[in-house]
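Here's the structure, in structure tokens; my notes come after.
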Amino acid sequence: MATSPDQQPPAGPVTAEPAPATYVATAEGQEAETVSDRPVFQVRLENFTGPFDLLLSLIAKHKLDVTEVALAVVTDDFIAHIRGQEAWDLSQASEFLVIAATLLDLKAARLLPRGDVEDAEDLELLEARDLLFARLLQYRAFKQAAADLDTAWQRAGRSFPRQVALEPRLAALLPELVMQIGPEDLAQLAAKALAPRPEPAGVDVSHLHAPVVSVREQAAHIAGRLRRLRRASFRTLTDDAGSTAVVVARFLALLELFRQGVVAFDQAGPLGDLSVHWTGGQDEQIDVGEEYDDYDDHGGQQTRTEEDQ
Amino acid sequence: MTDPEEPAWAGEELLGAVEAILMVTETPLATEQLATVLGVPVPAVADALAALAEELDTSPRPRGLELREAGGGWRFYSAPAFAPAVEKFVLDGQTARLTQAALETLAVIAYRQPVSRGRISAIRGVNVDSVVRTLLTRGLVEEAGQDADGGATLYRTSSYFLERLGLRHLDDLPPLAPYLPDIDTLEDIDGTGEGE
Amino acid sequence: MTDPEEPAWAGEELLGAVEAILMVTETPLATEQLATVLGVPVPAVADALAALAEELDTSPRPRGLELREAGGGWRFYSAPAFAPAVEKFVLDGQTARLTQAALETLAVIAYRQPVSRGRISAIRGVNVDSVVRTLLTRGLVEEAGQDADGGATLYRTSSYFLERLGLRHLDDLPPLAPYLPDIDTLEDIDGTGEGE
């Protein structure tokens with residue numbers, strides 16, 4: 001329990017939290033001073049209680065209104081922050097990745113020419129953005145409520161209730177206890193209290209994370225298909241995906257392959273099908289995954305021990 | 001004195017009797033409970049409590065105690081002004097601050113109760129199992145039955161929560177930010193986290 | 001305020017500080033103890049205690065409380081003049097039986113003594129302050145010094161407890177093993193409960 005990320009010392013206001021190195025350059029003088037002697041990228045996830053917290057903090061850093069966020073900047077920072085993490089709690093990582101994927105999606109959408117909202121995918125994208133903002137707004141409201149509770153907690157915490165044991169004279173007036181149990185019952189009660197409590201329903205979240213989709217594996221899969229087909233639409237490449245997680249992983253894999261210069265994209269028109277073609281050699285090795293999948297190295301399910309939660 | 005026809009205590013005697021009982025109670029006392037025990041009409045007890053509280057608040061010298069209503073009843077508290085002196089004697093760590101994670105989780109439970117852990121997770125974007133256990137252990141939240149749909153355990157805040165925050169009722173909670181997005185939409189979103 | 005050269009509290013402020021501490025402390029307090037913690041000379045605290053006691057005794061209205069020294073320390077008591085009201089309140093709703101919560105807490109103390117409230121809370125998963133006070137009031141458990149680490153008060157069962165259960169020694173308590181699923185696991189649980 002003591003090492004749980006939720007037992008961290010209370011975080012200060014968002015703007016007072018340590019920022020990744022990328023902010024040092026952009027932060028105002030005063031903030032830069034307090035941050036400057038921190039080693040680069042020594043940002044700990046523990047400073048943020050969740051992806052929304054991080055996102056809000058990034059938005060605050062850039063002094064942007066949450067409803068009109070310059071997504072490109074925030075997305076880059078969000079990804080940079082995620083990269084800066086050395087050790088991940090899997091259940092947290094998945095949440096952060098979901099947000100990161102959504103942000104990437106939206107950032108990508110920004111790069112597309114703007115047109116009338118006709119395509120279903122376009123609508124989905126808008127929906128995804130609205131959903132993200134709605135959740136972010138909701139989180140911000142609760143964060144504000146938490147600050148209110150903190151104020152009340154601290155104010156009330158300065159005054160202590162009188163709750164003392166009964167005066168001996170009055171205790172003597174109490175009716176003589178009927179001891180309704182014997183030593184054996186007592187032992188049973190003790191055993192029950194001391195025995196490992198079954199985890200309350202809902203603690204086991206392993207099914208949420210299994211199977212973990214490896215971007216590296218999906219990249220290999222896509223590369224294999226593209227070497228064979230030379231050209232395929234994103235739709236085709238994800239037709240056997242089976243789950244959203246796999247689609248996301250393949251999308252990320254494609255971005256990685258594009259960065260390595262082994263694929264090129266082609267689109268007939270705005271929001272048209274994304275056509276992908278292989279530009280690498282037939283035997284060219286791909287090297288994907290060290291960024292996306294290195295949380296795998298920390299062992300997935302097995303290491304998600306009690307302390308991590 | 002126990003004559004049911006006649007109020008047992010009145011005037012300054014009633015003040016003293018209420019004061020005496022408040023000295024030995026372990027829990028906040030509801031006005032009604034005091035009235036029953038003393039055999040006195042509820043309004044008379046309410047007046048006595050108000051008079052005692054005011055006497056302390058308007059005392060010519062700084063008083064070490066105050067009488068407040070919180071968490072469903074009245075109780076003596078040490079005066080906040082003397083917190084630095086009192087803290088050294090109070091052992092149960094009540095002065096400990098709650099972590100940001102605990103505060104945020106507590107806020108979601110307070111405003112969305114009864115609520116499942118899955119729902120809280122969906123709102124906060126992180127797993128909240130450990131924090132909810134801590135809040136349970138500290139007596140700030142309690143179980144409130146099962147979700148009709150999925151059977152998930154629901155949680156609500158306790159009366160200790162109210163007392164600890166100096167609130168009389170849940171209605172005393174400050175309103176959630178007015179710019180909170182449409183709740184119906186969010187119900188759906190929240191619902192996705194329920195599977196946990 | 002913590003300057004060792006200067007008394008931290010004086011005059012009416014000292015009265016208020018002493019009053020505040022006495023209102024909420026769980027045990028009677030010796031004059032010396034108050035003086036040490038407040039950083040005030042013993043005679044000053046003695047004067048403050050006497051002044052507070054006199055203020056209550058000479059109050060223009062009948063007071064429900066009094067300040068007395070007994071058992072090596074000072075403590076507020078309900079005033080004997082209001083004993084009929086207080087006794088009625090204390091006996092009202094009292095049963096001669098222990099609640100399930102009290103029995104479970106008693107069982108944990110019996111098998112893990114000496115043990116702090118924090119540890120019991122961690123084991124039982126709920127706040128046990130009130131239940132432990134009940135067991136103290138009932139004489140079934142007693143204080144057993146302080147934890148070497150954190151200074152938390154430790155509790156053990158009393159000889160009255162043995163008597164009521166018909167046991168000669170603690171060794172006569174039945175072994176837990178037959179009721180436990182797995183001793184190894186149990187050791188772990190004990191170890192981890194502390195983090196709280």
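Letters A, B, ... mark the chains of the structure tokens in the order given; residue numbers begin at 1 per chain; ligand numbers begin at 1, in order shown.
When chain B serves as the reference and chain C is fitted to it on all C-alpha atoms, the deviation left is 12.4 Å RMSD.
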When the cut-off is 8 Å and we count only C-alpha atoms, which residues of chain C are near chain A, given as a tab-separated table (two decimals) with all heavy atoms, in the first residue's frame?
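As written to disk, part-v1.tsv reads:
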chain	number	residue	atom	x	y	z
C	23	MET	N	-10.57	19.31	25.98
C	23	MET	CA	-11.88	18.98	25.40
C	23	MET	C	-11.78	17.72	24.54
C	23	MET	O	-12.73	16.95	24.46
C	23	MET	CB	-12.38	20.18	24.58
C	23	MET	CG	-13.78	20.09	24.07
C	23	MET	SD	-15.03	19.63	25.29
C	23	MET	CE	-14.87	20.92	26.51
C	24	VAL	N	-10.65	17.51	23.87
C	24	VAL	CA	-10.61	16.43	22.88
C	24	VAL	C	-9.63	15.30	23.21
C	24	VAL	O	-9.64	14.27	22.54
C	24	VAL	CB	-10.28	16.97	21.48
C	24	VAL	CG1	-11.37	17.92	21.03
C	24	VAL	CG2	-8.93	17.65	21.44
C	25	THR	N	-8.78	15.49	24.21
C	25	THR	CA	-7.82	14.43	24.47
C	25	THR	C	-8.52	13.20	25.08
C	25	THR	O	-9.50	13.34	25.81
C	25	THR	CB	-6.70	14.91	25.39
C	25	THR	OG1	-5.75	13.86	25.53
C	25	THR	CG2	-7.24	15.26	26.75
C	26	GLU	N	-8.01	12.04	24.74
C	26	GLU	CA	-8.71	10.81	25.15
C	26	GLU	C	-8.35	10.36	26.55
C	26	GLU	O	-9.02	9.52	27.13
C	26	GLU	CB	-8.40	9.69	24.15
C	26	GLU	CG	-8.99	9.98	22.79
C	26	GLU	CD	-9.37	8.73	22.05
C	26	GLU	OE1	-9.38	7.65	22.67
C	26	GLU	OE2	-9.66	8.82	20.86
C	27	THR	N	-7.26	10.89	27.10
C	27	THR	CA	-6.84	10.43	28.42
C	27	THR	C	-6.67	11.63	29.35
C	27	THR	O	-6.42	12.75	28.88
C	27	THR	CB	-5.49	9.70	28.34
C	27	THR	OG1	-4.61	10.49	27.52
C	27	THR	CG2	-5.65	8.33	27.70
C	77	TYR	N	-15.29	16.38	33.16
C	77	TYR	CA	-16.32	15.39	33.48
C	77	TYR	C	-17.67	16.06	33.36
C	77	TYR	O	-17.78	17.27	33.47
C	77	TYR	CB	-16.15	14.86	34.90
C	77	TYR	CG	-14.90	14.07	35.14
C	77	TYR	CD1	-13.70	14.69	35.49
C	77	TYR	CD2	-14.90	12.67	35.00
C	77	TYR	CE1	-12.55	13.97	35.69
C	77	TYR	CE2	-13.74	11.94	35.20
C	77	TYR	CZ	-12.56	12.59	35.55
C	77	TYR	OH	-11.43	11.87	35.75
C	87	GLU	N	-27.12	9.92	32.97
C	87	GLU	CA	-27.28	8.47	33.14
C	87	GLU	C	-28.37	7.94	32.22
C	87	GLU	O	-28.22	6.87	31.63
C	87	GLU	CB	-27.61	8.14	34.61
C	87	GLU	CG	-26.39	8.28	35.50
C	87	GLU	CD	-26.76	8.29	36.98
C	87	GLU	OE1	-27.92	7.94	37.30
C	87	GLU	OE2	-25.89	8.67	37.79
C	90	VAL	N	-26.86	7.71	28.84
C	90	VAL	CA	-25.87	6.63	28.70
C	90	VAL	C	-26.55	5.27	28.62
C	90	VAL	O	-26.16	4.41	27.84
C	90	VAL	CB	-24.87	6.67	29.88
C	90	VAL	CG1	-24.02	5.41	29.91
C	90	VAL	CG2	-23.97	7.90	29.76
C	91	LEU	N	-27.58	5.10	29.42
C	91	LEU	CA	-28.24	3.80	29.46
C	91	LEU	C	-29.21	3.60	28.30
C	91	LEU	O	-29.54	2.48	27.93
C	91	LEU	CB	-28.99	3.62	30.79
C	91	LEU	CG	-28.04	3.57	31.99
C	91	LEU	CD1	-28.82	3.53	33.30
C	91	LEU	CD2	-27.11	2.37	31.89
C	94	GLN	N	-28.35	1.31	25.31
C	94	GLN	CA	-27.23	0.42	25.62
C	94	GLN	C	-27.75	-1.00	25.77
C	94	GLN	O	-28.77	-1.23	26.39
C	94	GLN	CB	-26.55	0.85	26.93
C	94	GLN	CG	-25.70	2.06	26.80
C	94	GLN	CD	-24.40	1.78	26.09
C	94	GLN	OE1	-24.04	0.62	25.87
C	94	GLN	NE2	-23.69	2.82	25.71
C	95	THR	N	-27.03	-1.93	25.22
C	95	THR	CA	-27.41	-3.32	25.47
C	95	THR	C	-26.27	-3.97	26.23
C	95	THR	O	-25.18	-3.43	26.31
C	95	THR	CB	-27.66	-4.10	24.18
C	95	THR	OG1	-26.39	-4.34	23.57
C	95	THR	CG2	-28.54	-3.32	23.23
C	96	ALA	N	-26.58	-5.10	26.78
C	96	ALA	CA	-25.58	-5.82	27.53
C	96	ALA	C	-24.70	-6.67	26.59
C	96	ALA	O	-23.81	-7.36	27.03
C	96	ALA	CB	-26.24	-6.72	28.57
C	97	ARG	N	-25.02	-6.60	25.31
C	97	ARG	CA	-24.26	-7.41	24.35
C	97	ARG	C	-23.31	-6.55	23.54
C	97	ARG	O	-23.59	-5.39	23.28
C	97	ARG	CB	-25.23	-8.11	23.39
C	97	ARG	CG	-26.07	-9.17	24.08
C	97	ARG	CD	-27.16	-9.67	23.18
C	97	ARG	NE	-27.75	-10.86	23.77
C	97	ARG	CZ	-27.29	-12.09	23.54
C	97	ARG	NH1	-26.29	-12.29	22.72
C	97	ARG	NH2	-27.84	-13.13	24.13
C	98	LEU	N	-22.22	-7.18	23.15
C	98	LEU	CA	-21.29	-6.49	22.27
C	98	LEU	C	-21.79	-6.63	20.83
C	98	LEU	O	-22.35	-7.65	20.46
C	98	LEU	CB	-19.89	-7.09	22.39
C	98	LEU	CG	-19.17	-6.84	23.70
C	98	LEU	CD1	-17.86	-7.62	23.75
C	98	LEU	CD2	-18.88	-5.34	23.88
C	103	LEU	N	-17.01	-7.47	18.76
C	103	LEU	CA	-16.50	-8.84	18.95
C	103	LEU	C	-15.32	-9.11	18.01
C	103	LEU	O	-14.31	-9.68	18.42
C	103	LEU	CB	-17.61	-9.86	18.71
C	103	LEU	CG	-18.67	-9.97	19.81
C	103	LEU	CD1	-19.83	-10.85	19.35
C	103	LEU	CD2	-18.05	-10.52	21.09
C	104	GLU	N	-15.46	-8.70	16.76
C	104	GLU	CA	-14.38	-8.94	15.80
C	104	GLU	C	-13.12	-8.18	16.20
C	104	GLU	O	-12.01	-8.70	16.12
C	104	GLU	CB	-14.82	-8.50	14.40
C	104	GLU	CG	-15.71	-9.53	13.70
C	104	GLU	CD	-16.19	-9.05	12.35
C	104	GLU	OE1	-15.52	-8.19	11.74
C	104	GLU	OE2	-17.25	-9.55	11.92
C	107	ALA	N	-11.51	-9.89	19.02
C	107	ALA	CA	-10.80	-11.09	18.57
C	107	ALA	C	-9.44	-10.73	17.99
C	107	ALA	O	-8.43	-11.39	18.27
C	107	ALA	CB	-11.65	-11.84	17.53
C	108	VAL	N	-9.40	-9.66	17.18
C	108	VAL	CA	-8.13	-9.25	16.59
C	108	VAL	C	-7.15	-8.83	17.67
C	108	VAL	O	-5.97	-9.20	17.66
C	108	VAL	CB	-8.35	-8.11	15.57
C	108	VAL	CG1	-7.01	-7.54	15.11
C	108	VAL	CG2	-9.16	-8.60	14.38
C	111	TYR	N	-5.66	-11.85	19.59
C	111	TYR	CA	-4.66	-12.67	18.91
C	111	TYR	C	-3.48	-11.89	18.36
C	111	TYR	O	-2.53	-12.48	17.88
C	111	TYR	CB	-5.34	-13.47	17.78
C	111	TYR	CG	-6.10	-14.67	18.30
C	111	TYR	CD1	-7.45	-14.56	18.65
C	111	TYR	CD2	-5.46	-15.90	18.47
C	111	TYR	CE1	-8.14	-15.65	19.15
C	111	TYR	CE2	-6.14	-16.99	18.96
C	111	TYR	CZ	-7.49	-16.86	19.31
C	111	TYR	OH	-8.16	-17.94	19.80
C	123	ILE	N	-6.41	-4.35	9.34
C	123	ILE	CA	-6.85	-5.75	9.27
C	123	ILE	C	-8.34	-5.83	9.00
C	123	ILE	O	-8.79	-6.60	8.16
C	123	ILE	CB	-6.51	-6.49	10.61
C	123	ILE	CG1	-4.98	-6.63	10.75
C	123	ILE	CG2	-7.19	-7.85	10.65
C	123	ILE	CD1	-4.55	-7.19	12.09
C	124	ARG	N	-9.13	-5.02	9.70
C	124	ARG	CA	-10.57	-5.13	9.56
C	124	ARG	C	-11.13	-4.32	8.40
C	124	ARG	O	-12.26	-4.52	7.98
C	124	ARG	CB	-11.27	-4.72	10.86
C	124	ARG	CG	-10.95	-5.67	12.03
C	124	ARG	CD	-12.04	-5.66	13.07
C	124	ARG	NE	-13.35	-5.75	12.48
C	124	ARG	CZ	-14.33	-4.88	12.70
C	124	ARG	NH1	-14.16	-3.88	13.53
C	124	ARG	NH2	-15.49	-5.02	12.11
C	133	ARG	N	-12.85	2.22	21.82
C	133	ARG	CA	-13.26	2.96	23.02
C	133	ARG	C	-14.32	2.20	23.80
C	133	ARG	O	-14.30	2.15	25.02
C	133	ARG	CB	-13.77	4.36	22.64
C	133	ARG	CG	-12.66	5.39	22.61
C	133	ARG	CD	-13.23	6.80	22.61
C	133	ARG	NE	-14.05	7.03	21.43
C	133	ARG	CZ	-13.57	7.44	20.26
C	133	ARG	NH1	-12.28	7.68	20.14
C	133	ARG	NH2	-14.35	7.60	19.23
C	134	THR	N	-15.25	1.59	23.08
C	134	THR	CA	-16.27	0.79	23.75
C	134	THR	C	-15.63	-0.35	24.53
C	134	THR	O	-15.99	-0.61	25.69
C	134	THR	CB	-17.26	0.21	22.72
C	134	THR	OG1	-17.88	1.28	22.03
C	134	THR	CG2	-18.33	-0.64	23.40
C	136	LEU	N	-12.67	-0.47	25.69
C	136	LEU	CA	-11.97	0.13	26.83
C	136	LEU	C	-12.96	0.42	27.95
C	136	LEU	O	-12.73	0.09	29.11
C	136	LEU	CB	-11.28	1.43	26.42
C	136	LEU	CG	-9.93	1.33	25.71
C	136	LEU	CD1	-9.56	2.69	25.12
C	136	LEU	CD2	-8.84	0.88	26.68
C	137	THR	N	-14.06	1.04	27.56
C	137	THR	CA	-15.10	1.39	28.54
C	137	THR	C	-15.60	0.14	29.26
C	137	THR	O	-15.83	0.13	30.47
C	137	THR	CB	-16.28	2.07	27.85
C	137	THR	OG1	-15.82	3.27	27.24
C	137	THR	CG2	-17.38	2.40	28.83
C	138	ARG	N	-15.74	-0.94	28.49
C	138	ARG	CA	-16.23	-2.19	29.05
C	138	ARG	C	-15.16	-2.96	29.81
C	138	ARG	O	-15.42	-4.03	30.35
C	138	ARG	CB	-16.77	-3.08	27.93
C	138	ARG	CG	-18.06	-2.55	27.32
C	138	ARG	CD	-19.09	-2.27	28.38
C	138	ARG	NE	-20.44	-2.23	27.87
C	138	ARG	CZ	-21.51	-2.68	28.55
C	138	ARG	NH1	-21.36	-3.16	29.76
C	138	ARG	NH2	-22.69	-2.61	28.02
C	164	ARG	N	-13.97	-13.25	31.82
C	164	ARG	CA	-15.27	-13.38	31.17
C	164	ARG	C	-15.30	-14.54	30.18
C	164	ARG	O	-16.34	-15.10	29.89
C	164	ARG	CB	-15.65	-12.08	30.44
C	164	ARG	CG	-15.99	-10.92	31.36
C	164	ARG	CD	-16.93	-11.30	32.50
C	164	ARG	NE	-18.14	-11.96	32.07
C	164	ARG	CZ	-19.28	-11.37	31.79
C	164	ARG	NH1	-19.38	-10.07	31.91
C	164	ARG	NH2	-20.33	-12.06	31.41
C	165	LEU	N	-14.12	-14.87	29.64
C	165	LEU	CA	-14.10	-15.97	28.68
C	165	LEU	C	-13.77	-17.30	29.35
C	165	LEU	O	-13.69	-18.34	28.70
C	165	LEU	CB	-13.07	-15.69	27.58
C	165	LEU	CG	-13.59	-14.80	26.44
C	165	LEU	CD1	-12.46	-14.36	25.56
C	165	LEU	CD2	-14.65	-15.53	25.62
C	173	LEU	N	-5.98	-19.41	24.93
C	173	LEU	CA	-6.78	-19.09	23.74
C	173	LEU	C	-6.61	-20.20	22.71
C	173	LEU	O	-5.49	-20.65	22.46
C	173	LEU	CB	-6.31	-17.77	23.12
C	173	LEU	CG	-6.83	-16.46	23.72
C	173	LEU	CD1	-6.11	-15.28	23.09
C	173	LEU	CD2	-8.33	-16.34	23.54
C	174	PRO	N	-7.68	-20.65	22.10
C	174	PRO	CA	-7.56	-21.73	21.11
C	174	PRO	C	-6.66	-21.29	19.95
C	174	PRO	O	-6.69	-20.11	19.58
C	174	PRO	CB	-9.00	-21.92	20.60
C	174	PRO	CG	-9.87	-21.14	21.51
C	174	PRO	CD	-9.04	-20.15	22.24
C	175	PRO	N	-5.86	-22.19	19.41
C	175	PRO	CA	-5.01	-21.83	18.28
C	175	PRO	C	-5.86	-21.45	17.06
C	175	PRO	O	-6.94	-21.98	16.86
C	175	PRO	CB	-4.20	-23.10	18.00
C	175	PRO	CG	-4.97	-24.20	18.64
C	175	PRO	CD	-5.72	-23.60	19.79
C	176	LEU	N	-5.31	-20.51	16.29
C	176	LEU	CA	-6.03	-20.04	15.10
C	176	LEU	C	-5.92	-21.03	13.95
C	176	LEU	O	-6.80	-21.10	13.10
C	176	LEU	CB	-5.46	-18.71	14.62
C	176	LEU	CG	-5.85	-17.46	15.39
C	176	LEU	CD1	-5.28	-16.25	14.67
C	176	LEU	CD2	-7.35	-17.37	15.47
C	179	TYR	N	-8.57	-22.78	11.85
C	179	TYR	CA	-9.57	-21.96	11.18
C	179	TYR	C	-9.02	-21.20	9.99
C	179	TYR	O	-9.72	-20.49	9.31
C	179	TYR	CB	-10.17	-20.94	12.16
C	179	TYR	CG	-10.79	-21.59	13.37
C	179	TYR	CD1	-10.19	-21.48	14.62
C	179	TYR	CD2	-11.97	-22.32	13.24
C	179	TYR	CE1	-10.76	-22.09	15.73
C	179	TYR	CE2	-12.54	-22.92	14.34
C	179	TYR	CZ	-11.93	-22.80	15.58
C	179	TYR	OH	-12.49	-23.40	16.67
C	180	LEU	N	-7.69	-21.30	9.83
C	180	LEU	CA	-7.07	-20.47	8.80
C	180	LEU	C	-6.83	-21.26	7.53
C	180	LEU	O	-6.45	-22.42	7.58
C	180	LEU	CB	-5.73	-19.93	9.31
C	180	LEU	CG	-5.83	-18.79	10.29
C	180	LEU	CD1	-4.45	-18.46	10.82
C	180	LEU	CD2	-6.46	-17.58	9.63
C	181	PRO	N	-7.00	-20.59	6.41
C	181	PRO	CA	-6.74	-21.28	5.15
C	181	PRO	C	-5.26	-21.58	4.96
C	181	PRO	O	-4.89	-22.66	4.52
C	181	PRO	CB	-7.24	-20.29	4.09
C	181	PRO	CG	-7.40	-18.98	4.78
C	181	PRO	CD	-7.49	-19.23	6.24
C	185	THR	N	0.25	-17.21	4.01
C	185	THR	CA	-0.43	-16.02	3.49
C	185	THR	C	-0.70	-15.05	4.62
C	185	THR	O	-0.56	-13.85	4.47
C	185	THR	CB	-1.78	-16.42	2.88
C	185	THR	OG1	-1.69	-17.77	2.46
C	185	THR	CG2	-2.13	-15.50	1.74
C	186	LEU	N	-1.06	-15.60	5.74
C	186	LEU	CA	-1.44	-14.77	6.86
C	186	LEU	C	-0.28	-13.87	7.30
C	186	LEU	O	-0.45	-12.70	7.56
C	186	LEU	CB	-1.90	-15.65	8.01
C	186	LEU	CG	-2.44	-14.88	9.20
C	186	LEU	CD1	-3.69	-14.15	8.79
C	186	LEU	CD2	-2.72	-15.81	10.35
C	189	ILE	N	-0.09	-10.92	5.23
C	189	ILE	CA	-1.13	-9.92	5.49
C	189	ILE	C	-0.75	-9.05	6.66
C	189	ILE	O	-0.84	-7.85	6.60
C	189	ILE	CB	-2.46	-10.62	5.81
C	189	ILE	CG1	-2.91	-11.40	4.61
C	189	ILE	CG2	-3.49	-9.61	6.21
C	189	ILE	CD1	-4.01	-12.35	4.93
C	190	ASP	N	-0.26	-9.69	7.69
C	190	ASP	CA	0.12	-8.91	8.86
C	190	ASP	C	1.17	-7.89	8.50
C	190	ASP	O	1.12	-6.76	8.95
C	190	ASP	CB	0.68	-9.83	9.95
C	190	ASP	CG	-0.42	-10.63	10.57
C	190	ASP	OD1	-1.58	-10.40	10.21
C	190	ASP	OD2	-0.13	-11.48	11.41
C	192	THR	N	1.78	-6.47	5.65
C	192	THR	CA	1.43	-5.39	4.73
C	192	THR	C	0.40	-4.45	5.30
C	192	THR	O	0.23	-3.36	4.80
C	192	THR	CB	0.86	-5.96	3.42
C	192	THR	OG1	-0.23	-6.81	3.76
C	192	THR	CG2	1.91	-6.73	2.67
C	195	GLY	N	1.20	-0.36	6.29
C	195	GLY	CA	1.41	0.82	5.45
C	195	GLY	C	0.41	1.93	5.68
C	195	GLY	O	0.73	3.09	5.50
C	196	GLU	N	-0.72	1.57	6.05
C	196	GLU	CA	-1.82	2.50	6.30
C	196	GLU	C	-1.35	3.74	6.97
C	196	GLU	O	-1.62	4.82	6.57
C	196	GLU	CB	-2.82	1.77	7.17
C	196	GLU	CG	-3.98	2.57	7.70
C	196	GLU	CD	-4.84	3.16	6.63
C	196	GLU	OE1	-4.62	2.86	5.45
C	196	GLU	OE2	-5.71	3.95	6.93
Discussion item. Residues of chain B within 7 Å of chain C, counting only C-alpha atoms - could you list those as a ChimeraX atom specification?
Written reply: /B:12-13,16-17,19-21,23-24,37-38,61-65,78-79,82,85-86,89-91,136-139
**Request:** Please report, as an NGL selection string, each residue of chain C to which DSSP assigns helix (DSSP H, G or I) when run on this structure's backbone.
**Result:** :C and (11-24 or 31-38 or 42-57 or 80-91 or 100-112 or 117-124 or 129-137 or 159-165 or 170-172 or 177-179 or 183-195)
Just want the 9 Å neighbourhood of segment 282-285 of chain A, counted on only C-alpha atoms, with same-chain residues fewer than 3 positions away dropped. Output as a ChimeraX atom specification.
/A:227-228,262,278-279
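Note that atom CA of His277 of chain A and atom CA of Ala264 of chain A are 5.4 Å apart.
If only C-alpha atoms are the atoms counted, then among C:Ala101, C:Ile109, C:Ala46, C:Ala177 the closest residue to Gly73 of chain C is C:Ala46.
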A straight line from atom CA of Pro43 of chain C to atom CA of Ala10 of chain C spans 11.7 Å
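The strand (DSSP E) portion of chain B consists of Leu65, Glu66, Leu67, Arg68, Glu69, Ala70, Gly73, Trp74, Arg75, Phe76, Tyr77, Ser78, Val115, Ser116, Val141, Glu142, Glu143, Ala144, Gly145, Gln146, Thr153, Leu154, Tyr155, Arg156 and Thr157 of chain B, with states taken from DSSP on the backbone.
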| request: Excluding Leu170 of chain C and residues on its chain fewer than 5 positions from it, collect all residues at most 9 Å away from it, counting only C-alpha atoms, and give them as a PyMOL selection string. | output: chain C and resi 110-111+157+162
For the selection just defined, write its residues with N, CA and C atoms to a file, as a PDB file, in the first residue's frame.
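Resulting contents of selection.pdb:
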ATOM      1  N   ALA C 110      -7.139  -9.792  20.770  1.00  0.00           N
ATOM      2  CA  ALA C 110      -6.751 -10.957  21.564  1.00  0.00           C
ATOM      3  C   ALA C 110      -5.607 -11.719  20.905  1.00  0.00           C
ATOM      4  N   TYR C 111      -5.658 -11.846  19.592  1.00  0.00           N
ATOM      5  CA  TYR C 111      -4.662 -12.674  18.906  1.00  0.00           C
ATOM      6  C   TYR C 111      -3.483 -11.893  18.357  1.00  0.00           C
ATOM      7  N   THR C 157      -5.654  -7.276  25.739  1.00  0.00           N
ATOM      8  CA  THR C 157      -6.836  -7.667  26.485  1.00  0.00           C
ATOM      9  C   THR C 157      -6.535  -7.594  27.988  1.00  0.00           C
ATOM     10  N   LEU C 162     -10.069 -12.232  30.239  1.00  0.00           N
ATOM     11  CA  LEU C 162      -9.795 -13.655  30.491  1.00  0.00           C
ATOM     12  C   LEU C 162     -10.885 -14.248  31.368  1.00  0.00           C
TER      13      LEU C 162
END
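Nearest residue to Glu163 of chain B, choosing from A:Ala253, A:Ala268, A:Leu237, A:Ala156 and counting only C-alpha atoms: A:Ala156.
Atom to atom, atom CA of Glu54 of chain B and atom CA of Ala51 of chain C stand 21.9 Å apart.
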Tell me which protein, DNA and RNA residues are within 7 Å of Leu154 of chain B, counting only C-alpha atoms, leaving out same-chain ones fewer than 3 positions away, and put them as a PyMOL selection string.
chain B and resi 114-116+143-147
Please write the residues from the selection above to a file, keeping N, CA, C and O atoms, as a compact mmCIF listing (two decimals), in the first residue's frame.
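Result file follows (selection20.txt):
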# COMPACT_ATOMS: atom_id res chain seq x y z
N PRO B 114 -25.11 6.89 -5.18
CA PRO B 114 -24.16 5.79 -5.03
C PRO B 114 -23.50 5.48 -6.36
O PRO B 114 -24.14 5.58 -7.39
N VAL B 115 -22.23 5.11 -6.30
CA VAL B 115 -21.47 4.98 -7.54
C VAL B 115 -20.52 3.79 -7.44
O VAL B 115 -20.04 3.47 -6.35
N SER B 116 -20.30 3.12 -8.55
CA SER B 116 -19.41 1.95 -8.55
C SER B 116 -17.98 2.39 -8.82
O SER B 116 -17.73 3.48 -9.32
N GLU B 143 -20.02 1.09 1.83
CA GLU B 143 -20.71 0.39 0.75
C GLU B 143 -22.19 0.73 0.78
O GLU B 143 -22.76 0.97 1.84
N ALA B 144 -22.80 0.75 -0.40
CA ALA B 144 -24.22 1.12 -0.49
C ALA B 144 -24.93 0.15 -1.41
O ALA B 144 -25.59 0.55 -2.36
N GLY B 145 -24.76 -1.12 -1.15
CA GLY B 145 -25.48 -2.12 -1.93
C GLY B 145 -24.84 -2.37 -3.29
O GLY B 145 -23.70 -1.98 -3.54
N GLN B 146 -25.64 -3.02 -4.14
CA GLN B 146 -25.11 -3.43 -5.43
C GLN B 146 -25.84 -2.73 -6.56
O GLN B 146 -27.01 -2.40 -6.44
N ASP B 147 -25.12 -2.54 -7.63
CA ASP B 147 -25.70 -2.01 -8.84
C ASP B 147 -26.76 -2.97 -9.36
O ASP B 147 -26.55 -4.18 -9.39
Excluding Ala102 of chain C and its own-chain neighbours fewer than 5 positions away, which residues fall within 8 Å of it when counting only C-alpha atoms? Please give them as an NGL selection string. :C and (131-132 or 134-135)
(message) When you look at segment 234-236 of chain A with a cut-off of 7 Å (counting only C-alpha atoms), what residues show up, excluding the ones that are within fewer than 6 positions of it in the same chain? I need them as number ranges by chain.
(response) A: 274-276
